[in-house]
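**Q** Hey, dropping model04.cif in here, mmCIF, C-alpha atoms:
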data_coords
loop_
_atom_site.label_atom_id
_atom_site.label_comp_id
_atom_site.auth_asym_id
_atom_site.auth_seq_id
_atom_site.Cartn_x
_atom_site.Cartn_y
_atom_site.Cartn_z
CA MET U 1 -4.06 13.93 -16.22
CA LYS U 2 -4.96 13.48 -12.59
CA ILE U 3 -2.61 11.22 -10.60
CA ILE U 4 -3.32 9.66 -7.20
CA ASP U 5 -0.36 8.08 -5.44
CA PHE U 6 -1.90 5.07 -3.72
CA HIS U 7 1.24 4.02 -1.84
CA ALA U 8 3.24 6.55 0.18
CA HIS U 9 4.73 6.76 3.67
CA ILE U 10 5.49 9.69 5.93
CA TYR U 11 6.97 9.99 9.43
CA PRO U 12 7.22 12.65 12.12
CA GLU U 13 10.02 15.06 11.21
CA LYS U 14 12.19 14.14 14.19
CA ILE U 15 12.42 10.48 13.09
CA ALA U 16 11.86 10.77 9.32
CA LYS U 17 15.51 10.40 8.33
CA LYS U 18 16.12 7.44 10.64
CA ALA U 19 12.88 5.70 9.62
CA THR U 20 13.68 6.05 5.93
CA GLU U 21 17.19 4.69 6.44
CA PHE U 22 15.78 1.70 8.31
CA ILE U 23 13.36 0.80 5.53
CA CYS U 24 15.93 1.32 2.77
CA ASP U 25 18.33 -0.94 4.67
CA PHE U 26 15.54 -3.51 5.12
CA TYR U 27 15.09 -3.69 1.34
CA ASP U 28 18.65 -2.85 0.30
CA LEU U 29 17.52 0.25 -1.59
CA LYS U 30 19.72 3.25 -2.37
CA GLU U 31 17.28 5.91 -3.62
CA GLY U 32 15.58 6.82 -0.33
CA MET U 33 14.48 10.38 0.46
CA GLU U 34 13.68 11.86 3.86
CA GLY U 35 10.12 10.77 4.59
CA THR U 36 8.43 14.01 5.63
CA SER U 37 5.03 15.21 4.48
CA SER U 38 6.56 18.48 3.26
CA LEU U 39 9.02 16.69 0.98
CA LEU U 40 6.32 14.33 -0.30
CA LEU U 41 4.11 17.27 -1.22
CA GLU U 42 7.03 19.16 -2.78
CA GLN U 43 8.17 16.25 -4.95
CA GLY U 44 4.64 15.15 -5.70
CA LYS U 45 3.77 18.61 -7.01
CA LYS U 46 6.73 18.42 -9.38
CA ALA U 47 5.48 15.02 -10.53
CA GLY U 48 1.90 16.20 -11.11
CA ILE U 49 0.41 14.15 -8.25
CA SER U 50 -2.77 15.57 -6.74
CA ASN U 51 -3.49 13.17 -3.86
CA TYR U 52 -1.71 10.58 -1.75
CA VAL U 53 -2.75 7.48 0.16
CA ILE U 54 -0.59 7.44 3.31
CA LEU U 55 0.20 3.96 4.65
CA PRO U 56 1.57 3.71 8.22
CA VAL U 57 3.04 0.57 9.78
CA ALA U 58 3.31 -0.13 13.52
CA THR U 59 6.13 -2.60 14.14
CA LYS U 60 5.17 -2.82 17.84
CA PRO U 61 1.66 -3.17 19.32
CA ASP U 62 2.31 -0.35 21.78
CA ASN U 63 2.86 2.11 18.92
CA VAL U 64 -0.41 1.54 17.10
CA ARG U 65 -2.50 4.33 18.61
CA SER U 66 0.22 6.99 18.49
CA ILE U 67 0.90 6.24 14.82
CA ASN U 68 -2.80 6.38 14.00
CA ASN U 69 -3.06 9.72 15.75
CA PHE U 70 -0.05 10.99 13.80
CA VAL U 71 -1.49 10.14 10.38
CA LEU U 72 -4.88 11.48 11.47
CA SER U 73 -3.26 14.82 12.31
CA GLU U 74 -1.50 14.82 8.93
CA GLN U 75 -4.78 14.11 7.13
CA LYS U 76 -6.41 17.03 8.91
CA ALA U 77 -3.47 19.28 8.03
CA HIS U 78 -3.23 18.31 4.34
CA SER U 79 -6.34 17.97 2.19
CA GLU U 80 -4.25 16.04 -0.36
CA PHE U 81 -3.91 13.08 2.02
CA PHE U 82 -6.13 10.02 2.31
CA CYS U 83 -4.55 8.31 5.32
CA PHE U 84 -4.90 4.65 6.28
CA GLY U 85 -4.50 3.41 9.84
CA THR U 86 -2.36 0.62 11.26
CA VAL U 87 -3.06 -2.38 13.48
CA HIS U 88 -0.85 -5.16 14.85
CA ALA U 89 -1.69 -8.85 15.22
CA ARG U 90 -0.25 -8.90 18.75
CA GLN U 91 -2.17 -5.90 20.09
CA GLU U 92 -5.07 -6.24 22.48
CA ASN U 93 -8.51 -5.05 21.42
CA ILE U 94 -7.78 -4.94 17.69
CA ILE U 95 -11.48 -4.52 16.86
CA GLN U 96 -11.68 -1.43 19.05
CA GLU U 97 -8.73 0.00 17.15
CA VAL U 98 -10.53 -0.62 13.87
CA GLU U 99 -13.57 1.17 15.29
CA TYR U 100 -11.32 4.09 16.23
CA ILE U 101 -9.77 4.15 12.76
CA ILE U 102 -13.17 4.21 11.06
CA SER U 103 -14.80 6.71 13.41
CA SER U 104 -11.79 9.03 13.13
CA GLY U 105 -12.21 9.27 9.37
CA LEU U 106 -9.16 7.30 8.24
CA HIS U 107 -9.71 5.59 4.91
CA GLY U 108 -8.30 2.07 5.26
CA ILE U 109 -5.76 -0.13 7.05
CA LYS U 110 -2.23 -1.14 6.03
CA ILE U 111 -0.75 -4.54 6.92
CA HIS U 112 2.98 -5.23 6.43
CA PRO U 113 3.59 -8.82 7.58
CA ASP U 114 7.35 -8.83 7.01
CA GLN U 115 8.04 -5.68 9.03
CA GLN U 116 5.40 -6.50 11.64
CA ASP U 117 6.57 -10.13 11.95
CA PHE U 118 3.30 -12.00 11.53
CA ALA U 119 1.73 -13.92 8.67
CA ILE U 120 -1.21 -12.63 6.65
CA ASP U 121 -3.29 -15.69 7.48
CA GLU U 122 -2.68 -16.05 11.22
CA PRO U 123 -5.97 -17.29 12.75
CA GLN U 124 -5.95 -14.58 15.42
CA LEU U 125 -6.44 -12.04 12.63
CA TYR U 126 -9.63 -13.69 11.36
CA PRO U 127 -12.01 -11.72 13.65
CA PHE U 128 -10.32 -8.54 12.39
CA TYR U 129 -10.84 -9.51 8.75
CA ASP U 130 -14.42 -10.56 9.41
CA TYR U 131 -15.25 -7.29 11.15
CA LEU U 132 -13.68 -5.32 8.29
CA GLN U 133 -15.80 -6.97 5.59
CA GLY U 134 -17.93 -4.43 3.76
CA LYS U 135 -16.13 -1.55 5.45
CA ILE U 136 -12.86 0.23 4.62
CA PRO U 137 -10.16 -1.38 2.43
CA VAL U 138 -7.09 -3.18 3.74
CA LEU U 139 -3.80 -2.95 1.83
CA PHE U 140 -1.27 -5.76 2.24
CA HIS U 141 2.40 -5.63 1.48
CA CYS U 142 2.89 -8.82 -0.55
CA GLY U 143 6.07 -10.67 -1.42
CA ASP U 144 9.56 -11.05 0.01
CA PRO U 145 12.33 -13.46 -1.02
CA ARG U 146 13.46 -13.89 2.59
CA SER U 147 10.24 -15.16 4.16
CA ASN U 148 6.73 -16.26 3.24
CA LEU U 149 4.83 -14.18 5.80
CA SER U 150 3.38 -12.06 3.01
CA HIS U 151 3.37 -14.69 0.29
CA PRO U 152 0.51 -14.31 -2.23
CA SER U 153 -0.69 -17.83 -1.43
CA ARG U 154 -1.48 -16.64 2.10
CA LEU U 155 -3.41 -13.70 0.71
CA LYS U 156 -5.38 -15.99 -1.60
CA LYS U 157 -6.51 -17.92 1.46
CA ILE U 158 -7.84 -14.72 3.07
CA LEU U 159 -9.62 -13.70 -0.13
CA LYS U 160 -11.43 -17.04 -0.11
CA GLU U 161 -12.31 -16.93 3.60
CA PHE U 162 -13.56 -13.32 3.55
CA PRO U 163 -15.27 -12.64 0.21
CA ARG U 164 -16.48 -9.14 1.15
CA LEU U 165 -13.08 -7.89 2.31
CA ASN U 166 -11.92 -4.94 0.17
CA VAL U 167 -8.29 -5.94 -0.51
CA VAL U 168 -5.40 -4.16 -2.20
CA ALA U 169 -2.30 -6.29 -2.85
CA ALA U 170 0.79 -4.11 -3.08
CA HIS U 171 3.66 -4.49 -5.55
CA PHE U 172 1.82 -6.48 -8.24
CA GLY U 173 0.82 -8.92 -5.51
CA GLY U 174 4.36 -10.10 -4.90
CA TRP U 175 7.34 -7.80 -4.46
CA SER U 176 10.43 -9.44 -5.98
CA ILE U 177 8.42 -12.59 -6.81
CA PHE U 178 6.22 -11.11 -9.53
CA GLU U 179 6.18 -14.20 -11.76
CA GLU U 180 5.32 -16.40 -8.79
CA ALA U 181 2.44 -14.18 -7.72
CA ILE U 182 0.62 -13.95 -11.05
CA PRO U 183 -0.68 -17.53 -11.36
CA ILE U 184 -1.76 -17.43 -7.71
CA LEU U 185 -3.64 -14.11 -7.77
CA LYS U 186 -4.74 -13.80 -11.40
CA GLY U 187 -8.52 -13.59 -11.47
CA GLU U 188 -8.83 -13.04 -7.73
CA ARG U 189 -11.20 -10.47 -6.30
CA CYS U 190 -8.70 -7.82 -5.28
CA THR U 191 -6.90 -4.73 -6.53
CA PHE U 192 -3.14 -4.34 -7.00
CA ASP U 193 -0.70 -1.44 -6.83
CA ILE U 194 2.41 -1.11 -8.98
CA SER U 195 4.65 0.56 -6.39
CA SER U 196 8.29 -0.47 -5.86
CA SER U 197 8.09 -2.51 -9.05
CA LEU U 198 8.75 -0.41 -12.15
CA ALA U 199 12.46 -0.03 -11.35
CA PHE U 200 12.83 -3.81 -11.54
CA LEU U 201 10.73 -4.49 -14.66
CA SER U 202 11.05 -3.53 -18.29
CA PRO U 203 8.17 -1.36 -19.53
CA GLN U 204 7.00 -4.25 -21.69
CA LYS U 205 7.02 -6.71 -18.80
CA ALA U 206 5.19 -4.27 -16.51
CA VAL U 207 2.45 -3.80 -19.11
CA GLU U 208 2.24 -7.57 -19.56
CA TYR U 209 1.59 -7.95 -15.82
CA ILE U 210 -0.91 -5.08 -15.81
CA ARG U 211 -2.91 -6.64 -18.62
CA THR U 212 -2.72 -10.11 -17.09
CA TYR U 213 -4.39 -8.84 -13.92
CA GLY U 214 -6.49 -6.26 -15.79
CA SER U 215 -5.87 -2.51 -15.90
CA GLU U 216 -9.19 -2.00 -14.11
CA LYS U 217 -7.56 -3.61 -11.05
CA MET U 218 -4.31 -1.61 -10.96
CA LEU U 219 -3.29 1.43 -8.89
CA PHE U 220 -0.35 3.78 -9.32
CA GLY U 221 1.92 4.20 -6.30
CA THR U 222 5.37 5.64 -5.66
CA ASP U 223 6.33 4.03 -2.32
CA PHE U 224 7.79 7.36 -1.21
CA PRO U 225 10.25 7.87 0.51
CA MET U 226 11.98 4.75 -0.82
CA TRP U 227 11.47 6.10 -4.33
CA ASN U 228 11.36 9.59 -5.82
CA PRO U 229 7.81 10.48 -6.97
CA VAL U 230 9.13 12.40 -9.98
CA LYS U 231 11.07 9.39 -11.21
CA GLU U 232 8.20 6.99 -10.51
CA VAL U 233 5.76 9.09 -12.51
CA GLU U 234 8.30 9.22 -15.36
CA ARG U 235 8.55 5.42 -15.29
CA PHE U 236 4.77 5.12 -15.31
CA MET U 237 4.36 7.52 -18.21
CA GLU U 238 6.93 5.55 -20.22
CA LEU U 239 4.81 2.38 -20.07
CA PRO U 240 3.27 1.52 -23.46
CA LEU U 241 -0.31 1.72 -22.20
CA THR U 242 -3.41 3.03 -23.92
CA ASP U 243 -4.77 6.36 -22.73
CA ALA U 244 -7.74 4.58 -21.18
CA GLU U 245 -5.51 2.15 -19.28
CA ARG U 246 -3.30 4.97 -18.01
CA GLU U 247 -6.28 6.94 -16.72
CA GLN U 248 -7.63 3.87 -14.93
CA ILE U 249 -4.33 3.23 -13.16
CA ALA U 250 -3.46 6.86 -12.47
CA TRP U 251 -6.66 7.81 -10.68
CA GLN U 252 -9.95 6.19 -11.70
CA ASN U 253 -9.39 2.91 -9.89
CA ALA U 254 -8.11 4.74 -6.82
CA GLU U 255 -11.28 6.80 -6.58
CA ARG U 256 -13.34 3.62 -6.79
CA VAL U 257 -11.37 1.83 -4.05
CA LEU U 258 -11.52 4.91 -1.82
CA ASP U 259 -15.22 5.36 -2.66
CA ILE U 260 -14.71 8.96 -3.72
CA LYS U 261 -17.89 10.50 -5.06
CA ASN U 262 -17.35 13.21 -7.68
#
What is this structure when it is put down as structure tokens?

**A**
Amino acid sequence: MKIIDFHAHIYPEKIAKKATEFICDFYDLKEGMEGTSSLLLEQGKKAGISNYVILPVATKPDNVRSINNFVLSEQKAHSEFFCFGTVHARQENIIQEVEYIISSGLHGIKIHPDQQDFAIDEPQLYPFYDYLQGKIPVLFHCGDPRSNLSHPSRLKKILKEFPRLNVVAAHFGGWSIFEEAIPILKGERCTFDISSSLAFLSPQKAVEYIRTYGSEKMLFGTDFPMWNPVKEVERFMELPLTDAEREQIAWQNAERVLDIKN
């Protein structure tokens, strides 16, 4: 079975270890691996993963362009990668950065409100969302028990305001607040990934959430390097899903969101 990892992170080799340690500390995780593209490809091959959606995050406005150039170079070097770009709410000329991202051939944009320290629904982001409608997808980190910057209720507001925005809500729409997210986002016009979630849920509960949202809306993701791709694929394969549901989540939905033509 084909598997597309819709949620992975990589860093330049000289900072990969430090960057991974920072993120694992941020989320109090213990399983982190060194976040290099070579290790992702090595572990992903063992796991049977064929392609990866790479999701960068600029925590400072001044770093946006250099990070976008880094993931662009990685996409050119590795045909397995579908790289997203990054933007920051505090940067100048955010629309020009989106134009650069699209014209460069990157496949979407990642927003991480908690690490970037701005809320999903800040009004200054509205021109960005409006410009992005009908274009490439935007993936939001959603959910954190320590703040509400990425709360699913904020995302619901954006979904209402921008009905043609192609949205992916990470971590079942609410990392660590799964039960809170479901009544807010159930039935909404967006897609969800299951990354950084299966370690915290029983297989039965994970399948319950998947079927509540609809398997046609779910995407597999490992959240490498915080999690080992081999272990995450094992967790996914242990879920009591039908074959059709597993195929949808493993790769079919990903190809639709990425607009991959076979």

**Q** Given the file shown, determine the residues that the PyMOL selection byres ((chain U and resi 241) around 12) selects; report them as a list in words.

**A** Pro203, Gln204, Lys205, Ala206, Val207, Glu208, Tyr209, Ile210, Arg211, Gly214, Ser215, Arg235, Phe236, Met237, Glu238, Leu239, Pro240, Thr242, Asp243, Ala244, Glu245, Arg246, Glu247, Gln248, Ile249 and Ala250 of chain U

**Q** Grab the CA of Ile260 (chain U) to CA of Ile49 (chain U) distance for me, in Å with one decimal place.

**A** 16.6 Å

**Q** On this structure, which residues satisfy the PyMOL selection byres ((chain U and resi 138) around 12), written as a PyMOL selection string?

**A** chain U and resi 55-56+83-87+98+101+106-112+120+128-137+139-141+155+158-159+164-170+190-192+257-258

**Q** Quick check, in Å to one decimal: how far apart do CA of Asn253 (chain U) and CA of Lys217 (chain U) lie?

**A** 6.9 Å

**Q** State, in Å with one decimal place, the distance from CA of Glu74 (chain U) to CA of Pro113 (chain U).

**A**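 Taking CA of Glu74 (chain U) and CA of Pro113 (chain U), their separation equals 24.2 Å.
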
**Q** Between U:Ile94, U:Ile4, U:Ala89, U:Glu188, single out the one closest to Gly44 (chain U), counting all atoms listed in the file.

**A**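 When distances to Gly44 (chain U) are compared using all atoms listed in the file, the smallest one comes from U:Ile4.
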
**Q** Nearest to Tyr213 (chain U): which of U:Phe172, U:Phe200, U:Phe26, U:Phe81 is it, counting only C-alpha atoms?

**A**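 Counting only C-alpha atoms, the residue closest to Tyr213 (chain U) is U:Phe172.
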
**Q** Closest to Val57 (chain U) among U:His171, U:Arg189, U:Arg146, U:His9, using only C-alpha atoms?

**A**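 With only C-alpha atoms as the atom set, the closest residue is U:His9.
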
**Q** So, counting all atoms listed in the file, which residue among U:Ser202, U:Gln252, U:Ser196, U:Ser147 is closest to Met218 (chain U)?

**A** U:Gln252

**Q** Of the candidates U:Ile95, U:Ala199, U:Cys142, U:Ala119, which one gets nearest to Gly173 (chain U) if we count only C-alpha atoms?

**A**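 Result for the nearest residue to Gly173 (chain U): U:Cys142.
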
**Q** Considering only C-alpha atoms, can you say which of U:Lys60, U:His151, U:Lys14, U:Lys2 comes closest to Trp175 (chain U)?

**A** U:His151

**Q** Got a sec to resolve the PyMOL selection byres ((chain U and resi 64) around 9) on this structure and send the residues as a list of chain:residue names?

**A**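 Matching residues under the PyMOL selection byres ((chain U and resi 64) around 9) are U:Val57, U:Ala58, U:Thr59, U:Lys60, U:Pro61, U:Asp62, U:Asn63, U:Arg65, U:Ser66, U:Ile67, U:Asn68, U:Asn69, U:Gly85, U:Thr86, U:Val87, U:His88, U:Gln91, U:Glu97.
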